[in-house]
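Reproduced below: structure_29.pdb, with PDB, C-alpha atoms and all ligand atoms.
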```
ATOM      1  CA  MET H   1    -193.155 151.769 193.933
ATOM      2  CA  LYS H   2    -196.522 150.722 192.486
ATOM      3  CA  ARG H   3    -198.766 153.587 191.290
ATOM      4  CA  SER H   4    -201.637 152.490 193.550
ATOM      5  CA  VAL H   5    -199.367 152.663 196.597
ATOM      6  CA  ILE H   6    -198.217 156.183 195.664
ATOM      7  CA  ILE H   7    -201.808 157.366 195.249
ATOM      8  CA  ALA H   8    -202.795 155.814 198.566
ATOM      9  CA  ALA H   9    -199.865 157.547 200.284
ATOM     10  CA  ALA H  10    -200.800 160.918 198.758
ATOM     11  CA  LEU H  11    -204.434 160.545 199.814
ATOM     12  CA  ALA H  12    -203.341 159.623 203.326
ATOM     13  CA  ALA H  13    -201.130 162.712 203.478
ATOM     14  CA  MET H  14    -204.023 164.895 202.308
ATOM     15  CA  ALA H  15    -206.345 163.358 204.875
ATOM     16  CA  ALA H  16    -203.816 164.229 207.604
ATOM     17  CA  LEU H  17    -204.029 167.976 206.783
ATOM     18  CA  PRO H  18    -206.355 170.045 208.985
ATOM     19  CA  ALA H  19    -209.688 170.480 207.188
ATOM     20  CA  ALA H  20    -209.177 174.250 206.685
ATOM     21  CA  ALA H  21    -205.818 173.804 204.933
ATOM     22  CA  GLN H  22    -207.254 171.113 202.639
ATOM     23  CA  THR H  23    -209.713 173.590 201.157
ATOM     24  CA  TYR H  24    -207.984 176.965 201.804
ATOM     25  CA  PRO H  25    -208.756 179.318 200.238
ATOM     26  CA  THR H  26    -212.517 178.992 199.803
ATOM     27  CA  LYS H  27    -213.171 182.730 199.307
ATOM     28  CA  PRO H  28    -211.287 185.853 198.086
ATOM     29  CA  ILE H  29    -208.234 187.012 200.036
ATOM     30  CA  THR H  30    -207.645 190.663 200.973
ATOM     31  CA  MET H  31    -204.112 191.972 200.495
ATOM     32  CA  ILE H  32    -203.605 195.225 202.384
ATOM     33  CA  VAL H  33    -201.310 197.636 200.532
ATOM     34  CA  PRO H  34    -200.420 200.273 203.137
ATOM     35  CA  PHE H  35    -200.020 203.126 200.641
ATOM     36  CA  ALA H  36    -202.105 204.888 197.998
ATOM     37  CA  ALA H  37    -202.803 203.099 194.731
ATOM     38  CA  GLY H  38    -200.287 203.595 191.957
ATOM     39  CA  GLY H  39    -197.126 203.676 194.056
ATOM     40  CA  PRO H  40    -194.348 201.065 194.152
ATOM     41  CA  THR H  41    -195.876 198.931 196.907
ATOM     42  CA  ASP H  42    -199.155 198.847 194.989
ATOM     43  CA  ILE H  43    -197.354 198.097 191.704
ATOM     44  CA  VAL H  44    -195.453 195.116 193.136
ATOM     45  CA  ALA H  45    -198.575 193.861 194.932
ATOM     46  CA  ARG H  46    -200.664 193.845 191.764
ATOM     47  CA  ILE H  47    -197.922 192.178 189.701
ATOM     48  CA  VAL H  48    -197.687 189.179 192.074
ATOM     49  CA  ALA H  49    -201.352 189.083 193.167
ATOM     50  CA  GLU H  50    -202.573 188.233 189.674
ATOM     51  CA  PRO H  51    -200.664 184.926 189.199
ATOM     52  CA  MET H  52    -201.081 184.123 192.909
ATOM     53  CA  SER H  53    -204.867 184.345 192.460
ATOM     54  CA  ARG H  54    -204.680 181.872 189.580
ATOM     55  CA  THR H  55    -202.663 179.389 191.629
ATOM     56  CA  LEU H  56    -204.866 179.738 194.719
ATOM     57  CA  GLY H  57    -208.100 179.600 192.719
ATOM     58  CA  GLN H  58    -209.419 182.627 194.585
ATOM     59  CA  GLN H  59    -209.084 186.353 193.853
ATOM     60  CA  ILE H  60    -206.551 188.337 195.870
ATOM     61  CA  VAL H  61    -208.257 191.718 196.309
ATOM     62  CA  ILE H  62    -205.964 194.693 196.919
ATOM     63  CA  GLU H  63    -207.125 197.069 199.649
ATOM     64  CA  ASN H  64    -205.146 200.332 199.842
ATOM     65  CA  VAL H  65    -204.992 201.449 203.478
ATOM     66  CA  ALA H  66    -202.695 204.510 203.567
ATOM     67  CA  GLY H  67    -201.372 206.582 206.451
ATOM     68  CA  ALA H  68    -198.440 207.066 208.830
ATOM     69  CA  GLY H  69    -195.797 205.859 206.410
ATOM     70  CA  GLY H  70    -197.549 202.536 205.885
ATOM     71  CA  THR H  71    -197.856 201.673 209.578
ATOM     72  CA  THR H  72    -201.631 202.279 209.647
ATOM     73  CA  GLY H  73    -202.308 199.541 207.108
ATOM     74  CA  ILE H  74    -199.783 197.139 208.590
ATOM     75  CA  THR H  75    -201.212 197.659 212.097
ATOM     76  CA  ARG H  76    -204.638 196.785 210.743
ATOM     77  CA  GLY H  77    -203.268 193.694 209.000
ATOM     78  CA  ALA H  78    -201.410 192.530 212.096
ATOM     79  CA  GLY H  79    -204.684 192.614 214.033
ATOM     80  CA  ALA H  80    -206.752 190.865 211.367
ATOM     81  CA  ALA H  81    -208.206 187.383 211.864
ATOM     82  CA  ALA H  82    -205.420 184.811 211.466
ATOM     83  CA  ASP H  83    -207.394 182.759 208.920
ATOM     84  CA  GLY H  84    -205.321 183.494 205.828
ATOM     85  CA  TYR H  85    -207.950 185.777 204.295
ATOM     86  CA  THR H  86    -206.102 188.982 205.188
ATOM     87  CA  ILE H  87    -202.461 189.373 204.153
ATOM     88  CA  MET H  88    -200.225 192.445 203.744
ATOM     89  CA  MET H  89    -197.605 193.782 201.355
ATOM     90  CA  GLY H  90    -195.007 195.261 203.691
ATOM     91  CA  HIS H  91    -191.543 196.553 202.902
ATOM     92  CA  MET H  92    -188.242 197.917 204.129
ATOM     93  CA  GLY H  93    -190.098 200.896 205.618
ATOM     94  CA  THR H  94    -192.929 199.173 207.487
ATOM     95  CA  HIS H  95    -190.774 196.186 208.535
ATOM     96  CA  GLY H  96    -187.321 197.778 208.772
ATOM     97  CA  ALA H  97    -187.275 201.544 209.338
ATOM     98  CA  ALA H  98    -190.531 202.078 211.255
ATOM     99  CA  PRO H  99    -189.338 201.018 214.744
ATOM    100  CA  ALA H 100    -186.665 203.758 214.666
ATOM    101  CA  LEU H 101    -189.182 206.445 213.743
ATOM    102  CA  TYR H 102    -192.253 205.383 215.724
ATOM    103  CA  PRO H 103    -191.405 204.972 219.445
ATOM    104  CA  ASN H 104    -194.961 203.714 220.071
ATOM    105  CA  LEU H 105    -195.251 201.528 216.985
ATOM    106  CA  LYS H 106    -198.216 199.208 217.542
ATOM    107  CA  TYR H 107    -196.460 196.147 216.154
ATOM    108  CA  ASN H 108    -193.072 194.479 216.259
ATOM    109  CA  PRO H 109    -191.974 193.703 212.673
ATOM    110  CA  ALA H 110    -189.937 190.679 213.758
ATOM    111  CA  ARG H 111    -192.492 189.231 216.189
ATOM    112  CA  ASP H 112    -196.049 190.049 215.181
ATOM    113  CA  PHE H 113    -196.288 188.496 211.729
ATOM    114  CA  ALA H 114    -196.083 185.211 209.891
ATOM    115  CA  PRO H 115    -193.619 186.006 207.067
ATOM    116  CA  VAL H 116    -194.825 184.577 203.734
ATOM    117  CA  GLY H 117    -192.062 185.622 201.352
ATOM    118  CA  LEU H 118    -190.092 188.319 199.545
ATOM    119  CA  ALA H 119    -191.820 189.690 196.429
ATOM    120  CA  ALA H 120    -189.203 192.029 194.928
ATOM    121  CA  GLY H 121    -186.044 193.992 195.658
ATOM    122  CA  THR H 122    -186.496 197.647 194.704
ATOM    123  CA  PRO H 123    -183.339 199.771 194.274
ATOM    124  CA  ILE H 124    -183.588 203.437 195.283
ATOM    125  CA  VAL H 125    -183.250 206.230 192.700
ATOM    126  CA  ILE H 126    -182.633 209.943 193.410
ATOM    127  CA  VAL H 127    -185.124 211.822 191.207
ATOM    128  CA  ALA H 128    -186.042 215.462 190.638
ATOM    129  CA  SER H 129    -188.509 217.526 188.651
ATOM    130  CA  LYS H 130    -187.839 217.879 184.924
ATOM    131  CA  GLY H 131    -187.109 221.598 185.292
ATOM    132  CA  HIS H 132    -184.615 221.102 188.098
ATOM    133  CA  PRO H 133    -181.485 223.246 187.458
ATOM    134  CA  ALA H 134    -179.059 220.399 188.267
ATOM    135  CA  ASN H 135    -177.934 218.073 185.490
ATOM    136  CA  ASN H 136    -175.984 215.579 187.563
ATOM    137  CA  LEU H 137    -175.677 214.397 191.151
ATOM    138  CA  GLN H 138    -172.867 216.763 192.133
ATOM    139  CA  GLU H 139    -174.791 219.774 190.799
ATOM    140  CA  PHE H 140    -177.859 218.505 192.678
ATOM    141  CA  ILE H 141    -175.940 218.226 195.957
ATOM    142  CA  ALA H 142    -174.526 221.755 195.518
ATOM    143  CA  TRP H 143    -178.053 223.041 194.754
ATOM    144  CA  ALA H 144    -179.576 221.265 197.767
ATOM    145  CA  LYS H 145    -176.945 222.741 200.109
ATOM    146  CA  LYS H 146    -177.626 226.227 198.794
ATOM    147  CA  GLN H 147    -181.439 225.924 199.120
ATOM    148  CA  GLY H 148    -181.584 225.407 202.889
ATOM    149  CA  ASP H 149    -185.247 224.749 203.770
ATOM    150  CA  LYS H 150    -186.458 226.304 200.506
ATOM    151  CA  SER H 151    -186.308 222.960 198.659
ATOM    152  CA  ASN H 152    -189.324 220.607 198.795
ATOM    153  CA  HIS H 153    -188.535 216.934 199.406
ATOM    154  CA  ALA H 154    -191.507 214.578 198.786
ATOM    155  CA  HIS H 155    -192.035 211.303 200.646
ATOM    156  CA  ALA H 156    -194.765 208.800 201.563
ATOM    157  CA  GLY H 157    -194.989 209.480 205.270
ATOM    158  CA  VAL H 158    -192.640 209.126 208.241
ATOM    159  CA  GLY H 159    -190.983 205.722 208.195
ATOM    160  CA  SER H 160    -191.797 204.990 204.561
ATOM    161  CA  VAL H 161    -189.042 203.893 202.207
ATOM    162  CA  SER H 162    -188.999 207.277 200.512
ATOM    163  CA  HIS H 163    -188.865 209.051 203.873
ATOM    164  CA  SER H 164    -186.197 206.886 205.516
ATOM    165  CA  THR H 165    -183.931 206.814 202.455
ATOM    166  CA  GLY H 166    -184.610 210.541 202.052
ATOM    167  CA  ILE H 167    -183.562 211.563 205.548
ATOM    168  CA  LEU H 168    -180.442 209.443 205.150
ATOM    169  CA  LEU H 169    -179.549 211.257 201.903
ATOM    170  CA  ASN H 170    -180.149 214.661 203.502
ATOM    171  CA  SER H 171    -178.033 213.656 206.494
ATOM    172  CA  ILE H 172    -175.168 212.704 204.176
ATOM    173  CA  MET H 173    -175.572 215.895 202.100
ATOM    174  CA  ASP H 174    -175.997 217.935 205.296
ATOM    175  CA  THR H 175    -179.197 219.502 203.925
ATOM    176  CA  LYS H 176    -182.453 220.364 205.681
ATOM    177  CA  PRO H 177    -185.250 220.629 203.083
ATOM    178  CA  THR H 178    -188.938 221.102 203.708
ATOM    179  CA  PHE H 179    -190.505 217.640 203.715
ATOM    180  CA  ILE H 180    -193.810 217.212 201.845
ATOM    181  CA  PRO H 181    -195.622 214.019 202.944
ATOM    182  CA  TYR H 182    -198.016 212.065 200.705
ATOM    183  CA  THR H 183    -200.121 208.936 201.148
ATOM    184  CA  GLY H 184    -197.762 207.196 198.742
ATOM    185  CA  THR H 185    -195.095 207.967 196.171
ATOM    186  CA  GLY H 186    -197.684 207.454 193.460
ATOM    187  CA  PRO H 187    -199.341 210.792 194.354
ATOM    188  CA  ALA H 188    -195.923 212.279 195.183
ATOM    189  CA  LEU H 189    -194.687 211.427 191.691
ATOM    190  CA  ASN H 190    -197.611 213.332 190.163
ATOM    191  CA  ASP H 191    -196.454 216.471 191.972
ATOM    192  CA  LEU H 192    -192.833 215.836 190.975
ATOM    193  CA  VAL H 193    -193.889 215.606 187.325
ATOM    194  CA  SER H 194    -195.849 218.856 187.641
ATOM    195  CA  GLY H 195    -192.958 220.560 189.416
ATOM    196  CA  GLN H 196    -194.858 221.121 192.690
ATOM    197  CA  VAL H 197    -192.002 219.435 194.579
ATOM    198  CA  ASP H 198    -188.275 219.372 193.836
ATOM    199  CA  TYR H 199    -186.968 215.869 194.575
ATOM    200  CA  MET H 200    -187.401 212.534 196.280
ATOM    201  CA  THR H 201    -185.755 209.146 196.754
ATOM    202  CA  ASP H 202    -188.056 206.453 195.435
ATOM    203  CA  GLN H 203    -188.172 202.799 194.511
ATOM    204  CA  ILE H 204    -187.180 202.224 190.897
ATOM    205  CA  VAL H 205    -190.400 200.364 189.991
ATOM    206  CA  ASN H 206    -192.341 203.597 190.513
ATOM    207  CA  VAL H 207    -190.176 206.006 188.534
ATOM    208  CA  VAL H 208    -188.562 204.088 185.679
ATOM    209  CA  GLY H 209    -191.362 204.962 183.254
ATOM    210  CA  GLN H 210    -191.269 208.707 183.993
ATOM    211  CA  ILE H 211    -187.460 208.766 183.821
ATOM    212  CA  THR H 212    -187.456 206.981 180.456
ATOM    213  CA  ALA H 213    -190.173 209.331 179.185
ATOM    214  CA  GLY H 214    -188.172 212.375 180.312
ATOM    215  CA  SER H 215    -190.971 213.593 182.610
ATOM    216  CA  ILE H 216    -188.603 213.706 185.580
ATOM    217  CA  LYS H 217    -184.835 213.773 186.044
ATOM    218  CA  ALA H 218    -182.810 211.011 187.708
ATOM    219  CA  PHE H 219    -179.347 211.666 189.117
ATOM    220  CA  ALA H 220    -178.208 208.260 190.382
ATOM    221  CA  ILE H 221    -179.263 204.796 191.535
ATOM    222  CA  ALA H 222    -178.128 203.870 195.041
ATOM    223  CA  THR H 223    -176.947 200.323 194.253
ATOM    224  CA  PRO H 224    -173.420 198.991 193.650
ATOM    225  CA  GLN H 225    -174.307 198.164 190.015
ATOM    226  CA  ARG H 226    -176.422 200.018 187.454
ATOM    227  CA  SER H 227    -179.926 198.697 186.735
ATOM    228  CA  PRO H 228    -180.582 196.969 183.369
ATOM    229  CA  ALA H 229    -183.849 198.945 183.340
ATOM    230  CA  LEU H 230    -181.908 202.251 183.413
ATOM    231  CA  PRO H 231    -178.511 201.390 181.884
ATOM    232  CA  ASN H 232    -177.495 205.033 181.417
ATOM    233  CA  LEU H 233    -178.179 206.036 185.023
ATOM    234  CA  PRO H 234    -174.937 206.153 187.036
ATOM    235  CA  THR H 235    -174.676 204.586 190.456
ATOM    236  CA  THR H 236    -174.228 206.960 193.405
ATOM    237  CA  ARG H 237    -170.628 205.762 193.681
ATOM    238  CA  GLU H 238    -169.949 206.503 189.986
ATOM    239  CA  ALA H 239    -171.512 209.937 190.541
ATOM    240  CA  GLY H 240    -169.140 210.670 193.417
ATOM    241  CA  LEU H 241    -171.354 209.877 196.427
ATOM    242  CA  ASN H 242    -169.615 206.938 198.069
ATOM    243  CA  ASN H 243    -171.648 206.439 201.238
ATOM    244  CA  TYR H 244    -175.213 206.255 199.946
ATOM    245  CA  GLU H 245    -176.031 202.693 198.878
ATOM    246  CA  VAL H 246    -179.602 201.785 199.849
ATOM    247  CA  SER H 247    -182.094 199.314 198.452
ATOM    248  CA  ALA H 248    -185.640 198.563 199.497
ATOM    249  CA  TRP H 249    -187.755 195.446 199.149
ATOM    250  CA  ASN H 250    -191.429 194.458 199.218
ATOM    251  CA  ALA H 251    -192.653 191.289 200.960
ATOM    252  CA  ILE H 252    -195.867 189.527 201.898
ATOM    253  CA  PHE H 253    -196.817 188.994 205.547
ATOM    254  CA  ALA H 254    -199.768 187.341 207.280
ATOM    255  CA  PRO H 255    -201.030 187.835 210.832
ATOM    256  CA  LYS H 256    -198.835 186.021 213.350
ATOM    257  CA  ALA H 257    -201.153 183.112 214.253
ATOM    258  CA  VAL H 258    -201.887 181.982 210.696
ATOM    259  CA  SER H 259    -201.339 178.215 210.379
ATOM    260  CA  ASP H 260    -198.145 176.830 208.821
ATOM    261  CA  ASP H 261    -200.248 175.078 206.168
ATOM    262  CA  VAL H 262    -201.844 178.341 205.059
ATOM    263  CA  VAL H 263    -198.426 180.075 205.005
ATOM    264  CA  LYS H 264    -197.170 177.196 202.868
ATOM    265  CA  ARG H 265    -200.056 177.590 200.399
ATOM    266  CA  LEU H 266    -199.444 181.340 200.177
ATOM    267  CA  ASN H 267    -195.674 180.955 199.811
ATOM    268  CA  ASP H 268    -196.157 178.301 197.136
ATOM    269  CA  ALA H 269    -198.436 180.670 195.201
ATOM    270  CA  LEU H 270    -195.896 183.528 195.565
ATOM    271  CA  VAL H 271    -193.022 181.317 194.381
ATOM    272  CA  LYS H 272    -195.070 180.298 191.321
ATOM    273  CA  ALA H 273    -195.880 183.986 190.697
ATOM    274  CA  LEU H 274    -192.167 184.843 190.741
ATOM    275  CA  ASP H 275    -191.625 182.138 188.107
ATOM    276  CA  ASP H 276    -194.533 183.401 185.986
ATOM    277  CA  PRO H 277    -193.029 184.734 182.698
ATOM    278  CA  ASN H 278    -195.372 187.743 182.519
ATOM    279  CA  ALA H 279    -194.798 188.737 186.156
ATOM    280  CA  ARG H 280    -191.024 188.337 185.706
ATOM    281  CA  LYS H 281    -191.049 190.510 182.582
ATOM    282  CA  ARG H 282    -193.057 193.248 184.304
ATOM    283  CA  LEU H 283    -190.751 193.254 187.352
ATOM    284  CA  ASP H 284    -187.629 193.179 185.136
ATOM    285  CA  ASP H 285    -188.879 196.035 182.936
ATOM    286  CA  LEU H 286    -189.521 198.145 186.054
ATOM    287  CA  GLY H 287    -186.066 197.455 187.495
ATOM    288  CA  GLY H 288    -187.332 195.161 190.241
ATOM    289  CA  VAL H 289    -184.946 192.481 191.537
ATOM    290  CA  ILE H 290    -186.676 189.082 191.513
ATOM    291  CA  PRO H 291    -185.877 186.907 194.545
ATOM    292  CA  GLU H 292    -184.528 183.470 193.606
ATOM    293  CA  GLY H 293    -184.069 180.146 195.406
ATOM    294  CA  ALA H 294    -183.602 180.270 199.163
ATOM    295  CA  ASP H 295    -184.370 184.011 199.254
ATOM    296  CA  ARG H 296    -188.017 183.106 198.633
ATOM    297  CA  THR H 297    -188.622 181.200 201.877
ATOM    298  CA  PRO H 298    -190.535 182.513 204.909
ATOM    299  CA  ALA H 299    -187.407 181.898 207.015
ATOM    300  CA  ALA H 300    -185.332 184.078 204.681
ATOM    301  CA  LEU H 301    -187.859 186.896 205.047
ATOM    302  CA  GLN H 302    -187.837 186.583 208.838
ATOM    303  CA  LYS H 303    -184.032 186.907 208.825
ATOM    304  CA  LEU H 304    -184.237 189.889 206.457
ATOM    305  CA  VAL H 305    -186.705 191.713 208.738
ATOM    306  CA  GLU H 306    -184.510 191.116 211.784
ATOM    307  CA  SER H 307    -181.374 192.328 209.971
ATOM    308  CA  GLU H 308    -183.107 195.368 208.457
ATOM    309  CA  VAL H 309    -184.522 196.560 211.810
ATOM    310  CA  ALA H 310    -181.051 196.137 213.334
ATOM    311  CA  ARG H 311    -179.433 197.985 210.392
ATOM    312  CA  TRP H 312    -181.811 200.902 210.008
ATOM    313  CA  THR H 313    -182.472 201.733 213.667
ATOM    314  CA  PRO H 314    -179.053 203.314 214.457
ATOM    315  CA  VAL H 315    -178.737 204.821 210.956
ATOM    316  CA  LEU H 316    -182.082 206.607 211.186
ATOM    317  CA  LYS H 317    -181.677 207.713 214.774
ATOM    318  CA  GLU H 318    -178.423 209.438 213.738
ATOM    319  CA  ALA H 319    -180.023 210.891 210.587
ATOM    320  CA  MET H 320    -182.942 212.248 212.632
ATOM    321  CA  ALA H 321    -180.507 213.796 215.128
ATOM    322  CA  ASN H 322    -178.663 215.499 212.221
ATOM    323  CA  ALA H 323    -181.962 216.781 210.833
ATOM    324  CA  LYS H 324    -182.637 218.871 213.942
TER
HETATM  325  C1  LIG D   1    -192.570 204.240 200.294
HETATM  326  O1  LIG D   1    -192.064 205.346 200.078
HETATM  327  O2  LIG D   1    -192.498 203.579 201.326
HETATM  328  C2  LIG D   1    -193.360 203.670 199.196
HETATM  329  O3  LIG D   1    -192.733 203.998 197.997
HETATM  330  C3  LIG D   1    -194.691 204.309 199.207
HETATM  331  C4  LIG D   1    -195.580 203.722 198.168
HETATM  332  O4  LIG D   1    -195.492 202.509 197.885
HETATM  333  O5  LIG D   1    -196.383 204.497 197.642
END
```
As C-alpha cells, how would this structure be written, given the file I've shared?
Amino acid sequence: MKRSVIIAAALAAMAALPAAAQTYPTKPITMIVPFAAGGPTDIVARIVAEPMSRTLGQQIVIENVAGAGGTTGITRGAGAAADGYTIMMGHMGTHGAAPALYPNLKYNPARDFAPVGLAAGTPIVIVASKGHPANNLQEFIAWAKKQGDKSNHAHAGVGSVSHSTGILLNSIMDTKPTFIPYTGTGPALNDLVSGQVDYMTDQIVNVVGQITAGSIKAFAIATPQRSPALPNLPTTREAGLNNYEVSAWNAIFAPKAVSDDVVKRLNDALVKALDDPNARKRLDDLGGVIPEGADRTPAALQKLVESEVARWTPVLKEAMANAK
C-alpha cells in the first residue's frame, strides 16, 4: 500500500477519536495509593508510575490516602471525576478481600471501576522481628500457639493484604494474637525492625531488603516455588505448612465511567512500563512477579477481581469466625 495512503488512513483514524482522547493527558495525573508511603503498594506504584509518566508525557503524581485497610483511598478514587486524571493502585486487599470484611463497603470492586491493568504479583512472606526466639516456621508456629494473645501481629488495617493473609495464617495455626494496625506495612515494618511487634505477613517487595540485611527474620514464602529474590527462603510447603499458599497483586484502576480511549492510553503506558528494563529489574530484585502477555489486559484484571472476591469471601468469613 502506498505510503501516502497509509498516512491518510492514520490521520483519518486519529480524526475519528474524541477530542479529549486525542490530547489526553494534557495535565498531571493523580495516582491514589491507599496506604502510607514506603509500603509495598507505594513501592509498586512508584516503580511503574515513572516510565508511565514518560510514555504519557505528563507526570503521574502519587497521593497517599491511607485508612481502613486501603478502602478509604479507593472509595475516594471510585468517586473521582471520570476524566482519567485520577487513577488508583489497588490490590488483592482493596479489590479482593475487602467485601468480606466490610459489610458496608462503599464500592463494589467488580462493578465500580474501569480496570486498567495488573502491575505486579507480590508473593506473601511470613516475617518476624530479628530477636524472635523461633529459627524456623515450625518453631514459630509452636511459639505462636504458646503466646495466646501476648504476641503482637502487625498489619495495614482491616481488609489489607497483610491483615487478610494474617488472619488466614492465624486461623490455620489456631492462634489469636493481638493485632496492631498501621496505615501501611511501611510503618509496620519499622516497628518490626525495632522489635515493637513480633510478626506479620507481608508482600515480598516490602521486606526483601530487610530480610537480606538481616534486620528481620523470614520463616517461609507462601508460594508453590521459592522466589529468585530470596532463594534460601523455604516455601510454606517445604517448611511443613501445607495449606497456606497465598499471593497478592497490585493493579491500576480508574473510576468506572472513564472512556475506553483513556483506559487504552493508560493500559498502553502500563504495558510499556512493564517492558521498561529498569522497572523490570527493580520489580525482579524485590521479588515482584511481572505480568506478561494476556495477563496485562483490562479484561484479565476484571476477571482476576471477580475471581479473587469469590475466593477470599468464604475463606475470610471462616477465618474471622475462628478468630472469635
Ligand atoms: C497491605 O498490607 O495491604 C499493604 O501491604 C499495605 C501497604 O501497601 O502498605
### Output of the PyMOL selection byres (((chain H and resi 71-82) around 8) and not hetatm), listed as a PyMOL selection string
chain H and resi 32-35+64-70+83-88+90+94+98+105-107+112-113+254-259
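We find atom CA of H:His91 and atom CA of H:Val208 to be spaced 19.0 Å apart.
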#### Entry: Answer key for the PyMOL selection byres (((chain H and resi 41) around 12) and not hetatm), residues as a PyMOL selection string
chain H and resi 31-40+42-49+62-66+69-70+88-94+119-122+156+160-162+183-186+202-206+248-252+288
### Polymer residues at most 12 Å from H:Pro133, all atoms listed in the file, same-chain spacing of 3 or more positions, as a list in words
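Final neighbour list, sorted by chain and number: Ala128, Ser129, Lys130, Asn136, Leu137, Gln138, Glu139, Phe140, Ile141, Ala142, Trp143, Ala144, Gln147, Gly195, Asp198, Tyr199, Lys217 and Phe219 of chain H.
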### Task
Run through the PyMOL selection byres (((chain H and resi 272) around 12) and not hetatm) on the given coordinates and return the selected residues as a VMD selection string.
chain H and resid 48 to 56 117 119 265 to 271 273 to 280 291 to 293 296
### Message
At a cut-off of 6 Å, using all atoms listed in the file, what residues contact H:Ala319? Leave out same-chain residues fewer than 3 positions from it and give the result as an MDAnalysis selection string.
### Response
chainID H and resid 168 171 316 322
### Query
Which one is closest to H:Gly287: H:Pro28, H:Gly240, H:Pro231, H:Pro109? Count only C-alpha atoms.
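Between H:Pro28, H:Gly240, H:Pro231, H:Pro109, the residue approaching H:Gly287 most closely is H:Pro231.
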### Spatial sel., origin (-182.2, 225.6, 203.5), limit 6 Å, only C-alpha atoms, listed as a VMD selection string
chain H and resid 147 to 150 176 to 177
